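Student: Questions regarding the structure given below will be posed in turn.
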Amino acid sequence: MAGRLEGKVAVVTGAGSGIGEGTVEAFVAEGANVIAADISGAQDALAQRLGDGCVGIQADVTKAQDVEAMLQAALDTFGRLDIIYNNAGIDGHVAPTGEYPVEEFDRVWAVNGRGVFLGLRYGIPILLANGGGSIINTASMAAELAFPGMTAYCASKGAVQMMTRNAAAEYAGRGIRVNAILPGAIRTAITDSLPPELIQGVKDATPVGRYGTPAEIASLAVYLASDESQFVTGASLLIDGGYSLT
C-alpha cells in the first residue's frame with residue numbers, strides 16, 4: 001500500500017529538532033520527498049539518517065533569499081513542490097509588556113511572523129504553477145490565549161493564525177489549502193527553555209495530564225498535507241490536550 005504522501009514533495013522549516021524533525025520523519029515515512037530546512041545545521045544529520053528521500057538545507061527564514069533558495073531546492077532536487085510547512089519558531093524573552101525589550105520583540109517577530117509570511121509569499125506562486133498544494137503553518141494555542149510575559153510570542157502566533165486565514169480565503173478557489181496547527185505544551189527545546197514554573201503550570205492545567213509529543217503534531221501535519229484533507233482550508237486546529245477548555 002502506498003504511503004499517504006506518495007509522490008509528493010514537501011519543504012519543512014525548523015526541521016532540525018522538535019516538531020519539525022518529527023514531521024520530516026513522518027512525511028518521509030508516508031512516501032514524501034522532503035527538503036528539511038533549518039538554521040542550526042542539525043538538518044544535515046537528519047537528512048543523512050533518513051536517506052535519499054530527504055535533503056538538508058541551511059536556511060534562515062527571516063531572509064527572503066534563503067526562503068527562495070530552500071523552495072527552489074525542492075524544484076531542483078525533486079522536480080516539484082506540493083507541501084510547505086512553515087514551522088520554524090522561537091519563544092523569546094519572558095517579561096511584562098511594559099518592560100519587554102524592543103529588540104527582542106523584533107527578533108521573535110522576524111522568525112515567527114516574517115518567516116511565515118516569506119514562506120507564503122514565495123511558496124504560493126510555486127504551488128500555483130504546480131496546480132495547487134497544501135500549506136501548513138505552526139501557530140500556537142498562544143494565538144488564542146494570553147500567556148503573561150510572552151507578548152511577542154503571542155502576538156506573532158496570532159499573526160500566523162490570521163495570515164493563514166487570509167491566504168486560505170485568497171487561494172481556496174485556485175487549488176491551494178492553507179491551515180494552521182495550534183500546539184499546546186509539546187515537549188521540545190522551546191518548552192525546555194522556558195521558565196520551569198511557567199511550562200509546569202501549563203502542563204498541570206492540561207486536562208490530559210501530560211505534555212504532547214512532536215510525533216502527535218506530525219500526525220496532524222500528515223493529514224493536512226495529504227489528499228484526505230481536500231475540504232479543509234483556513235482551519236486553526238488546536239492540539240493542546242484540552243488546555244484551552246479550562
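To be explicit about the labels: the chains of the C-alpha cells are called A, B, and onward in the order shown, and within each one the residues are counted from 1, while ligands get numbers from 1 in the order they are shown.
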Which neighbours of A:Tyr243 fall inside 10 Å, counting only C-alpha atoms, when residues of the same chain fewer than 5 positions from it are skipped, and could you give them as a PyMOL selection string?

Tutor: chain A and resi 141+145+184-185+202-209+238

Student: Could you write those residues out with N, CA and C atoms, as an mmCIF file, in the first residue's frame?

Tutor:
data_model
loop_
_atom_site.group_PDB
_atom_site.id
_atom_site.type_symbol
_atom_site.label_atom_id
_atom_site.label_comp_id
_atom_site.auth_asym_id
_atom_site.auth_seq_id
_atom_site.Cartn_x
_atom_site.Cartn_y
_atom_site.Cartn_z
ATOM 1 N N MET A 141 -1.454 27.560 20.615
ATOM 2 C CA MET A 141 -2.635 27.933 21.395
ATOM 3 C C MET A 141 -2.479 29.356 21.936
ATOM 4 N N LEU A 145 -4.929 32.422 23.330
ATOM 5 C CA LEU A 145 -4.928 32.537 24.785
ATOM 6 C C LEU A 145 -3.780 33.428 25.236
ATOM 7 N N GLY A 184 -0.342 22.881 21.869
ATOM 8 C CA GLY A 184 -0.264 23.264 23.270
ATOM 9 C C GLY A 184 1.131 23.007 23.797
ATOM 10 N N ALA A 185 1.224 22.473 24.999
ATOM 11 C CA ALA A 185 2.522 22.216 25.623
ATOM 12 C C ALA A 185 3.124 20.943 25.041
ATOM 13 N N VAL A 202 1.497 25.179 32.784
ATOM 14 C CA VAL A 202 0.703 24.827 31.608
ATOM 15 C C VAL A 202 0.424 23.328 31.594
ATOM 16 N N LYS A 203 1.438 22.538 31.886
ATOM 17 C CA LYS A 203 1.246 21.085 31.925
ATOM 18 C C LYS A 203 0.210 20.706 32.966
ATOM 19 N N ASP A 204 0.298 21.292 34.161
ATOM 20 C CA ASP A 204 -0.623 20.959 35.243
ATOM 21 C C ASP A 204 -2.059 21.331 34.894
ATOM 22 N N ALA A 205 -2.217 22.365 34.051
ATOM 23 C CA ALA A 205 -3.562 22.809 33.667
ATOM 24 C C ALA A 205 -4.085 22.107 32.425
ATOM 25 N N THR A 206 -3.303 21.180 31.869
ATOM 26 C CA THR A 206 -3.719 20.429 30.684
ATOM 27 C C THR A 206 -4.526 19.208 31.118
ATOM 28 N N PRO A 207 -5.793 19.118 30.749
ATOM 29 C CA PRO A 207 -6.642 18.036 31.252
ATOM 30 C C PRO A 207 -6.104 16.628 31.027
ATOM 31 N N VAL A 208 -5.402 16.371 29.919
ATOM 32 C CA VAL A 208 -4.888 15.020 29.717
ATOM 33 C C VAL A 208 -3.702 14.703 30.624
ATOM 34 N N GLY A 209 -3.150 15.719 31.288
ATOM 35 C CA GLY A 209 -2.164 15.490 32.329
ATOM 36 C C GLY A 209 -0.752 15.228 31.879
ATOM 37 N N LEU A 238 -6.494 23.240 17.021
ATOM 38 C CA LEU A 238 -5.877 23.117 18.333
ATOM 39 C C LEU A 238 -5.508 21.670 18.615
#

Student: Name the residues of stretch 22-226 of chain A that come out as helix (DSSP H, G or I) in a backbone DSSP run; write them as an mmCIF file with N, CA and C atoms, in the first residue's frame.

Tutor:
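part.cif, written as the output of this step:
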data_model
loop_
_atom_site.group_PDB
_atom_site.id
_atom_site.type_symbol
_atom_site.label_atom_id
_atom_site.label_comp_id
_atom_site.auth_asym_id
_atom_site.auth_seq_id
_atom_site.Cartn_x
_atom_site.Cartn_y
_atom_site.Cartn_z
ATOM 1 N N GLY A 22 10.203 15.805 13.819
ATOM 2 C CA GLY A 22 9.193 14.755 13.841
ATOM 3 C C GLY A 22 8.344 14.734 12.592
ATOM 4 N N THR A 23 8.056 15.919 12.052
ATOM 5 C CA THR A 23 7.240 15.992 10.841
ATOM 6 C C THR A 23 8.002 15.492 9.626
ATOM 7 N N VAL A 24 9.273 15.855 9.513
ATOM 8 C CA VAL A 24 10.080 15.338 8.395
ATOM 9 C C VAL A 24 10.100 13.816 8.436
ATOM 10 N N GLU A 25 10.316 13.255 9.595
ATOM 11 C CA GLU A 25 10.328 11.797 9.735
ATOM 12 C C GLU A 25 8.998 11.195 9.282
ATOM 13 N N ALA A 26 7.889 11.815 9.702
ATOM 14 C CA ALA A 26 6.565 11.294 9.343
ATOM 15 C C ALA A 26 6.292 11.453 7.851
ATOM 16 N N PHE A 27 6.675 12.582 7.273
ATOM 17 C CA PHE A 27 6.453 12.805 5.838
ATOM 18 C C PHE A 27 7.223 11.769 5.010
ATOM 19 N N VAL A 28 8.478 11.554 5.358
ATOM 20 C CA VAL A 28 9.284 10.578 4.613
ATOM 21 C C VAL A 28 8.701 9.180 4.777
ATOM 22 N N ALA A 29 8.266 8.841 5.981
ATOM 23 C CA ALA A 29 7.667 7.526 6.222
ATOM 24 C C ALA A 29 6.405 7.322 5.400
ATOM 25 N N ALA A 42 21.552 21.097 12.124
ATOM 26 C CA ALA A 42 21.087 19.776 12.556
ATOM 27 C C ALA A 42 20.295 19.061 11.469
ATOM 28 N N GLN A 43 19.819 19.810 10.488
ATOM 29 C CA GLN A 43 19.051 19.210 9.397
ATOM 30 C C GLN A 43 19.891 18.241 8.567
ATOM 31 N N ASP A 44 21.181 18.442 8.531
ATOM 32 C CA ASP A 44 22.040 17.574 7.720
ATOM 33 C C ASP A 44 22.116 16.161 8.300
ATOM 34 N N ALA A 45 22.232 16.066 9.612
ATOM 35 C CA ALA A 45 22.255 14.749 10.249
ATOM 36 C C ALA A 45 20.914 14.044 10.071
ATOM 37 N N LEU A 46 19.838 14.796 10.141
ATOM 38 C CA LEU A 46 18.504 14.228 9.923
ATOM 39 C C LEU A 46 18.391 13.670 8.511
ATOM 40 N N ALA A 47 18.832 14.456 7.534
ATOM 41 C CA ALA A 47 18.749 14.016 6.138
ATOM 42 C C ALA A 47 19.611 12.777 5.903
ATOM 43 N N GLN A 48 20.775 12.756 6.499
ATOM 44 C CA GLN A 48 21.650 11.587 6.345
ATOM 45 C C GLN A 48 20.996 10.347 6.932
ATOM 46 N N ARG A 49 20.329 10.504 8.057
ATOM 47 C CA ARG A 49 19.677 9.376 8.710
ATOM 48 C C ARG A 49 18.489 8.863 7.905
ATOM 49 N N LEU A 50 17.763 9.771 7.241
ATOM 50 C CA LEU A 50 16.541 9.379 6.536
ATOM 51 C C LEU A 50 16.790 8.918 5.105
ATOM 52 N N ALA A 64 14.689 36.664 2.910
ATOM 53 C CA ALA A 64 13.941 36.304 1.704
ATOM 54 C C ALA A 64 14.762 35.416 0.779
ATOM 55 N N GLN A 65 16.049 35.707 0.630
ATOM 56 C CA GLN A 65 16.865 34.926 -0.299
ATOM 57 C C GLN A 65 17.016 33.486 0.171
ATOM 58 N N ASP A 66 17.070 33.283 1.468
ATOM 59 C CA ASP A 66 17.168 31.919 1.994
ATOM 60 C C ASP A 66 15.873 31.146 1.769
ATOM 61 N N VAL A 67 14.757 31.815 1.970
ATOM 62 C CA VAL A 67 13.458 31.164 1.759
ATOM 63 C C VAL A 67 13.287 30.803 0.291
ATOM 64 N N GLU A 68 13.619 31.739 -0.598
ATOM 65 C CA GLU A 68 13.534 31.433 -2.023
ATOM 66 C C GLU A 68 14.446 30.259 -2.384
ATOM 67 N N ALA A 69 15.631 30.207 -1.800
ATOM 68 C CA ALA A 69 16.581 29.150 -2.124
ATOM 69 C C ALA A 69 16.093 27.786 -1.643
ATOM 70 N N MET A 70 15.494 27.734 -0.467
ATOM 71 C CA MET A 70 15.043 26.425 0.040
ATOM 72 C C MET A 70 13.860 25.906 -0.773
ATOM 73 N N LEU A 71 13.000 26.817 -1.229
ATOM 74 C CA LEU A 71 11.883 26.396 -2.068
ATOM 75 C C LEU A 71 12.373 25.954 -3.447
ATOM 76 N N GLN A 72 13.338 26.692 -3.985
ATOM 77 C CA GLN A 72 13.905 26.322 -5.276
ATOM 78 C C GLN A 72 14.613 24.982 -5.189
ATOM 79 N N ALA A 73 15.181 24.672 -4.016
ATOM 80 C CA ALA A 73 15.864 23.390 -3.836
ATOM 81 C C ALA A 73 14.911 22.218 -4.042
ATOM 82 N N ALA A 74 13.646 22.394 -3.671
ATOM 83 C CA ALA A 74 12.668 21.325 -3.901
ATOM 84 C C ALA A 74 12.480 21.090 -5.394
ATOM 85 N N LEU A 75 12.389 22.171 -6.160
ATOM 86 C CA LEU A 75 12.222 22.042 -7.612
ATOM 87 C C LEU A 75 13.468 21.459 -8.259
ATOM 88 N N ASP A 76 14.630 21.940 -7.827
ATOM 89 C CA ASP A 76 15.877 21.476 -8.432
ATOM 90 C C ASP A 76 16.170 20.013 -8.098
ATOM 91 N N THR A 77 15.805 19.600 -6.893
ATOM 92 C CA THR A 77 16.161 18.253 -6.428
ATOM 93 C C THR A 77 15.106 17.225 -6.799
ATOM 94 N N PHE A 78 13.845 17.598 -6.627
ATOM 95 C CA PHE A 78 12.762 16.625 -6.789
ATOM 96 C C PHE A 78 11.788 16.964 -7.918
ATOM 97 N N THR A 97 4.691 43.209 29.273
ATOM 98 C CA THR A 97 4.666 44.024 28.054
ATOM 99 C C THR A 97 5.332 45.377 28.256
ATOM 100 N N GLY A 98 5.099 46.005 29.399
ATOM 101 C CA GLY A 98 5.665 47.322 29.666
ATOM 102 C C GLY A 98 7.161 47.323 29.895
ATOM 103 N N GLU A 99 7.747 46.138 29.978
ATOM 104 C CA GLU A 99 9.189 46.012 30.172
ATOM 105 C C GLU A 99 9.854 45.217 29.047
ATOM 106 N N VAL A 102 12.486 45.935 23.123
ATOM 107 C CA VAL A 102 12.043 46.154 21.750
ATOM 108 C C VAL A 102 12.813 45.282 20.776
ATOM 109 N N GLU A 103 14.111 45.176 20.975
ATOM 110 C CA GLU A 103 14.919 44.381 20.049
ATOM 111 C C GLU A 103 14.541 42.900 20.127
ATOM 112 N N GLU A 104 14.105 42.455 21.296
ATOM 113 C CA GLU A 104 13.693 41.066 21.438
ATOM 114 C C GLU A 104 12.344 40.828 20.750
ATOM 115 N N PHE A 105 11.444 41.800 20.846
ATOM 116 C CA PHE A 105 10.176 41.695 20.109
ATOM 117 C C PHE A 105 10.460 41.568 18.615
ATOM 118 N N ASP A 106 11.369 42.395 18.110
ATOM 119 C CA ASP A 106 11.700 42.344 16.684
ATOM 120 C C ASP A 106 12.301 40.998 16.298
ATOM 121 N N ARG A 107 13.114 40.420 17.162
ATOM 122 C CA ARG A 107 13.736 39.130 16.877
ATOM 123 C C ARG A 107 12.689 38.019 16.790
ATOM 124 N N VAL A 108 11.759 38.000 17.735
ATOM 125 C CA VAL A 108 10.710 36.981 17.729
ATOM 126 C C VAL A 108 9.807 37.155 16.512
ATOM 127 N N TRP A 109 9.443 38.390 16.231
ATOM 128 C CA TRP A 109 8.588 38.635 15.070
ATOM 129 C C TRP A 109 9.272 38.211 13.771
ATOM 130 N N ALA A 110 10.559 38.465 13.668
ATOM 131 C CA ALA A 110 11.277 38.141 12.432
ATOM 132 C C ALA A 110 11.175 36.664 12.103
ATOM 133 N N VAL A 111 11.304 35.799 13.108
ATOM 134 C CA VAL A 111 11.230 34.361 12.869
ATOM 135 C C VAL A 111 9.780 33.894 12.752
ATOM 136 N N ASN A 112 8.980 34.214 13.751
ATOM 137 C CA ASN A 112 7.630 33.643 13.843
ATOM 138 C C ASN A 112 6.629 34.277 12.886
ATOM 139 N N GLY A 113 6.765 35.566 12.657
ATOM 140 C CA GLY A 113 5.814 36.270 11.800
ATOM 141 C C GLY A 113 6.337 36.456 10.383
ATOM 142 N N ARG A 114 7.426 37.184 10.257
ATOM 143 C CA ARG A 114 8.007 37.418 8.930
ATOM 144 C C ARG A 114 8.386 36.105 8.256
ATOM 145 N N GLY A 115 8.912 35.156 9.024
ATOM 146 C CA GLY A 115 9.315 33.881 8.441
ATOM 147 C C GLY A 115 8.158 33.153 7.782
ATOM 148 N N VAL A 116 7.007 33.153 8.434
ATOM 149 C CA VAL A 116 5.821 32.528 7.840
ATOM 150 C C VAL A 116 5.360 33.314 6.622
ATOM 151 N N PHE A 117 5.357 34.642 6.734
ATOM 152 C CA PHE A 117 4.958 35.457 5.581
ATOM 153 C C PHE A 117 5.830 35.166 4.362
ATOM 154 N N LEU A 118 7.144 35.069 4.569
ATOM 155 C CA LEU A 118 8.031 34.808 3.435
ATOM 156 C C LEU A 118 7.758 33.435 2.830
ATOM 157 N N GLY A 119 7.467 32.457 3.671
ATOM 158 C CA GLY A 119 7.109 31.142 3.142
ATOM 159 C C GLY A 119 5.864 31.187 2.285
ATOM 160 N N LEU A 120 4.895 31.991 2.706
ATOM 161 C CA LEU A 120 3.677 32.172 1.911
ATOM 162 C C LEU A 120 3.981 32.976 0.644
ATOM 163 N N ARG A 121 4.700 34.061 0.814
ATOM 164 C CA ARG A 121 4.954 34.979 -0.303
ATOM 165 C C ARG A 121 5.669 34.284 -1.459
ATOM 166 N N TYR A 122 6.679 33.492 -1.145
ATOM 167 C CA TYR A 122 7.458 32.871 -2.208
ATOM 168 C C TYR A 122 7.011 31.446 -2.519
ATOM 169 N N GLY A 123 6.256 30.841 -1.624
ATOM 170 C CA GLY A 123 5.772 29.497 -1.877
ATOM 171 C C GLY A 123 4.509 29.435 -2.707
ATOM 172 N N ILE A 124 3.606 30.392 -2.495
ATOM 173 C CA ILE A 124 2.326 30.369 -3.200
ATOM 174 C C ILE A 124 2.491 30.402 -4.716
ATOM 175 N N PRO A 125 3.330 31.279 -5.280
ATOM 176 C CA PRO A 125 3.487 31.254 -6.751
ATOM 177 C C PRO A 125 3.968 29.916 -7.288
ATOM 178 N N ILE A 126 4.821 29.229 -6.537
ATOM 179 C CA ILE A 126 5.301 27.917 -6.979
ATOM 180 C C ILE A 126 4.161 26.906 -6.971
ATOM 181 N N LEU A 127 3.367 26.911 -5.908
ATOM 182 C CA LEU A 127 2.242 25.980 -5.833
ATOM 183 C C LEU A 127 1.213 26.276 -6.920
ATOM 184 N N LEU A 128 0.974 27.546 -7.200
ATOM 185 C CA LEU A 128 0.034 27.897 -8.274
ATOM 186 C C LEU A 128 0.513 27.340 -9.607
ATOM 187 N N ALA A 129 1.796 27.465 -9.864
ATOM 188 C CA ALA A 129 2.356 26.950 -11.123
ATOM 189 C C ALA A 129 2.277 25.434 -11.195
ATOM 190 N N MET A 141 -1.454 27.560 20.615
ATOM 191 C CA MET A 141 -2.635 27.933 21.395
ATOM 192 C C MET A 141 -2.479 29.356 21.936
ATOM 193 N N ALA A 142 -1.231 29.852 21.959
ATOM 194 C CA ALA A 142 -0.978 31.233 22.362
ATOM 195 C C ALA A 142 -1.477 32.237 21.335
ATOM 196 N N ALA A 143 -1.935 31.766 20.174
ATOM 197 C CA ALA A 143 -2.601 32.654 19.224
ATOM 198 C C ALA A 143 -3.983 33.055 19.716
ATOM 199 N N THR A 151 4.433 38.398 25.356
ATOM 200 C CA THR A 151 3.695 39.245 24.416
ATOM 201 C C THR A 151 4.178 39.084 22.980
ATOM 202 N N ALA A 152 5.483 38.965 22.766
ATOM 203 C CA ALA A 152 5.998 38.826 21.403
ATOM 204 C C ALA A 152 5.575 37.494 20.805
ATOM 205 N N TYR A 153 5.677 36.442 21.576
ATOM 206 C CA TYR A 153 5.289 35.116 21.095
ATOM 207 C C TYR A 153 3.798 35.067 20.777
ATOM 208 N N CYS A 154 2.978 35.546 21.699
ATOM 209 C CA CYS A 154 1.528 35.526 21.477
ATOM 210 C C CYS A 154 1.146 36.367 20.266
ATOM 211 N N ALA A 155 1.734 37.553 20.162
ATOM 212 C CA ALA A 155 1.414 38.434 19.036
ATOM 213 C C ALA A 155 1.813 37.800 17.712
ATOM 214 N N SER A 156 2.982 37.211 17.670
ATOM 215 C CA SER A 156 3.460 36.616 16.414
ATOM 216 C C SER A 156 2.618 35.404 16.022
ATOM 217 N N LYS A 157 2.226 34.601 16.990
ATOM 218 C CA LYS A 157 1.424 33.425 16.675
ATOM 219 C C LYS A 157 -0.010 33.806 16.313
ATOM 220 N N GLY A 158 -0.526 34.882 16.896
ATOM 221 C CA GLY A 158 -1.821 35.402 16.455
ATOM 222 C C GLY A 158 -1.752 35.872 15.014
ATOM 223 N N ALA A 159 -0.633 36.488 14.652
ATOM 224 C CA ALA A 159 -0.453 36.922 13.265
ATOM 225 C C ALA A 159 -0.389 35.734 12.316
ATOM 226 N N VAL A 160 0.256 34.652 12.730
ATOM 227 C CA VAL A 160 0.310 33.452 11.901
ATOM 228 C C VAL A 160 -1.103 32.932 11.638
ATOM 229 N N GLN A 161 -1.923 32.932 12.664
ATOM 230 C CA GLN A 161 -3.293 32.459 12.505
ATOM 231 C C GLN A 161 -4.054 33.308 11.480
ATOM 232 N N MET A 162 -3.892 34.616 11.526
ATOM 233 C CA MET A 162 -4.620 35.481 10.594
ATOM 234 C C MET A 162 -4.025 35.451 9.189
ATOM 235 N N MET A 163 -2.709 35.299 9.064
ATOM 236 C CA MET A 163 -2.131 35.132 7.730
ATOM 237 C C MET A 163 -2.639 33.840 7.100
ATOM 238 N N THR A 164 -2.795 32.814 7.920
ATOM 239 C CA THR A 164 -3.332 31.542 7.436
ATOM 240 C C THR A 164 -4.731 31.736 6.875
ATOM 241 N N ARG A 165 -5.587 32.373 7.631
ATOM 242 C CA ARG A 165 -6.972 32.570 7.198
ATOM 243 C C ARG A 165 -7.051 33.436 5.954
ATOM 244 N N ASN A 166 -6.238 34.482 5.930
ATOM 245 C CA ASN A 166 -6.290 35.392 4.793
ATOM 246 C C ASN A 166 -5.840 34.699 3.510
ATOM 247 N N ALA A 167 -4.710 33.981 3.584
ATOM 248 C CA ALA A 167 -4.217 33.274 2.401
ATOM 249 C C ALA A 167 -5.188 32.186 1.971
ATOM 250 N N ALA A 168 -5.806 31.515 2.934
ATOM 251 C CA ALA A 168 -6.794 30.479 2.604
ATOM 252 C C ALA A 168 -7.955 31.068 1.826
ATOM 253 N N ALA A 169 -8.420 32.239 2.251
ATOM 254 C CA ALA A 169 -9.531 32.888 1.557
ATOM 255 C C ALA A 169 -9.136 33.329 0.156
ATOM 256 N N GLU A 170 -7.903 33.773 0.010
ATOM 257 C CA GLU A 170 -7.439 34.271 -1.286
ATOM 258 C C GLU A 170 -7.268 33.156 -2.320
ATOM 259 N N TYR A 171 -6.847 31.970 -1.869
ATOM 260 C CA TYR A 171 -6.433 30.940 -2.830
ATOM 261 C C TYR A 171 -7.264 29.664 -2.786
ATOM 262 N N ALA A 172 -8.366 29.670 -2.042
ATOM 263 C CA ALA A 172 -9.196 28.461 -1.943
ATOM 264 C C ALA A 172 -9.712 28.012 -3.304
ATOM 265 N N GLY A 173 -9.999 28.966 -4.172
ATOM 266 C CA GLY A 173 -10.523 28.630 -5.494
ATOM 267 C C GLY A 173 -9.451 28.320 -6.517
ATOM 268 N N ARG A 174 -8.187 28.322 -6.083
ATOM 269 C CA ARG A 174 -7.087 28.097 -7.021
ATOM 270 C C ARG A 174 -6.239 26.881 -6.641
ATOM 271 N N ALA A 189 12.634 21.676 22.545
ATOM 272 C CA ALA A 189 13.664 22.568 23.070
ATOM 273 C C ALA A 189 13.078 23.906 23.491
ATOM 274 N N ILE A 190 12.006 24.354 22.830
ATOM 275 C CA ILE A 190 11.375 25.625 23.199
ATOM 276 C C ILE A 190 10.781 25.538 24.591
ATOM 277 N N THR A 191 10.006 24.496 24.860
ATOM 278 C CA THR A 191 9.411 24.389 26.195
ATOM 279 C C THR A 191 10.499 24.208 27.251
ATOM 280 N N ASP A 192 11.549 23.499 26.909
ATOM 281 C CA ASP A 192 12.628 23.291 27.870
ATOM 282 C C ASP A 192 13.366 24.584 28.192
ATOM 283 N N SER A 193 13.288 25.577 27.292
ATOM 284 C CA SER A 193 13.993 26.834 27.517
ATOM 285 C C SER A 193 13.182 27.841 28.313
ATOM 286 N N PRO A 196 10.813 27.112 34.234
ATOM 287 C CA PRO A 196 10.189 25.839 34.619
ATOM 288 C C PRO A 196 8.811 25.994 35.231
ATOM 289 N N GLU A 197 8.621 27.046 36.038
ATOM 290 C CA GLU A 197 7.317 27.223 36.674
ATOM 291 C C GLU A 197 6.232 27.576 35.664
ATOM 292 N N LEU A 198 6.609 28.256 34.570
ATOM 293 C CA LEU A 198 5.638 28.612 33.549
ATOM 294 C C LEU A 198 5.149 27.366 32.810
ATOM 295 N N ILE A 199 6.085 26.578 32.293
ATOM 296 C CA ILE A 199 5.689 25.424 31.490
ATOM 297 C C ILE A 199 5.088 24.327 32.365
ATOM 298 N N GLN A 200 5.549 24.218 33.621
ATOM 299 C CA GLN A 200 4.945 23.235 34.522
ATOM 300 C C GLN A 200 3.502 23.614 34.821
ATOM 301 N N GLY A 201 3.248 24.924 34.948
ATOM 302 C CA GLY A 201 1.885 25.380 35.178
ATOM 303 C C GLY A 201 0.971 25.048 34.015
ATOM 304 N N VAL A 202 1.497 25.179 32.784
ATOM 305 C CA VAL A 202 0.703 24.827 31.608
ATOM 306 C C VAL A 202 0.424 23.328 31.594
ATOM 307 N N LYS A 203 1.438 22.538 31.886
ATOM 308 C CA LYS A 203 1.246 21.085 31.925
ATOM 309 C C LYS A 203 0.210 20.706 32.966
ATOM 310 N N ASP A 204 0.298 21.292 34.161
ATOM 311 C CA ASP A 204 -0.623 20.959 35.243
ATOM 312 C C ASP A 204 -2.059 21.331 34.894
ATOM 313 N N PRO A 214 6.147 15.710 19.661
ATOM 314 C CA PRO A 214 6.283 16.117 18.265
ATOM 315 C C PRO A 214 5.604 15.147 17.304
ATOM 316 N N ALA A 215 5.640 13.850 17.616
ATOM 317 C CA ALA A 215 5.011 12.861 16.735
ATOM 318 C C ALA A 215 3.505 13.071 16.633
ATOM 319 N N GLU A 216 2.883 13.542 17.707
ATOM 320 C CA GLU A 216 1.443 13.787 17.665
ATOM 321 C C GLU A 216 1.109 14.989 16.778
ATOM 322 N N ILE A 217 1.951 16.003 16.811
ATOM 323 C CA ILE A 217 1.764 17.141 15.896
ATOM 324 C C ILE A 217 2.014 16.699 14.468
ATOM 325 N N ALA A 218 3.037 15.877 14.277
ATOM 326 C CA ALA A 218 3.365 15.389 12.934
ATOM 327 C C ALA A 218 2.219 14.604 12.324
ATOM 328 N N SER A 219 1.495 13.861 13.133
ATOM 329 C CA SER A 219 0.352 13.092 12.615
ATOM 330 C C SER A 219 -0.712 14.017 12.042
ATOM 331 N N LEU A 220 -0.946 15.134 12.719
ATOM 332 C CA LEU A 220 -1.909 16.110 12.203
ATOM 333 C C LEU A 220 -1.368 16.761 10.931
ATOM 334 N N ALA A 221 -0.074 17.041 10.901
ATOM 335 C CA ALA A 221 0.529 17.644 9.704
ATOM 336 C C ALA A 221 0.407 16.713 8.505
ATOM 337 N N VAL A 222 0.587 15.409 8.719
ATOM 338 C CA VAL A 222 0.434 14.445 7.625
ATOM 339 C C VAL A 222 -0.979 14.517 7.064
ATOM 340 N N TYR A 223 -1.972 14.562 7.930
ATOM 341 C CA TYR A 223 -3.364 14.668 7.470
ATOM 342 C C TYR A 223 -3.565 15.928 6.632
ATOM 343 N N LEU A 224 -3.072 17.062 7.122
ATOM 344 C CA LEU A 224 -3.268 18.323 6.401
ATOM 345 C C LEU A 224 -2.488 18.361 5.091
ATOM 346 N N ALA A 225 -1.388 17.648 5.032
ATOM 347 C CA ALA A 225 -0.588 17.600 3.806
ATOM 348 C C ALA A 225 -1.164 16.646 2.776
#

Student: Considering only strand (DSSP E) as DSSP defines it on the backbone, what residues of stretch 11-160 of chain A qualify? List them as a ChimeraX atom specification.

Tutor: /A:11-13,33-38,54-58,83-86,133-138

Student: Find the residue from A:Asn87, A:Ser40, A:Asn33, A:Thr13 that sits nearest to A:Gly53; use only C-alpha atoms when measuring.

Tutor: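 Residue with the minimum atom-to-atom distance to A:Gly53: A:Asn33.
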
Student: From the set A:Cys54, A:Lys63, A:Gly89, A:Ala15, which residue has the shortest atom-to-atom contact distance to A:Gly41, counting only C-alpha atoms?

Tutor: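 Nearest to A:Gly41: A:Ala15.
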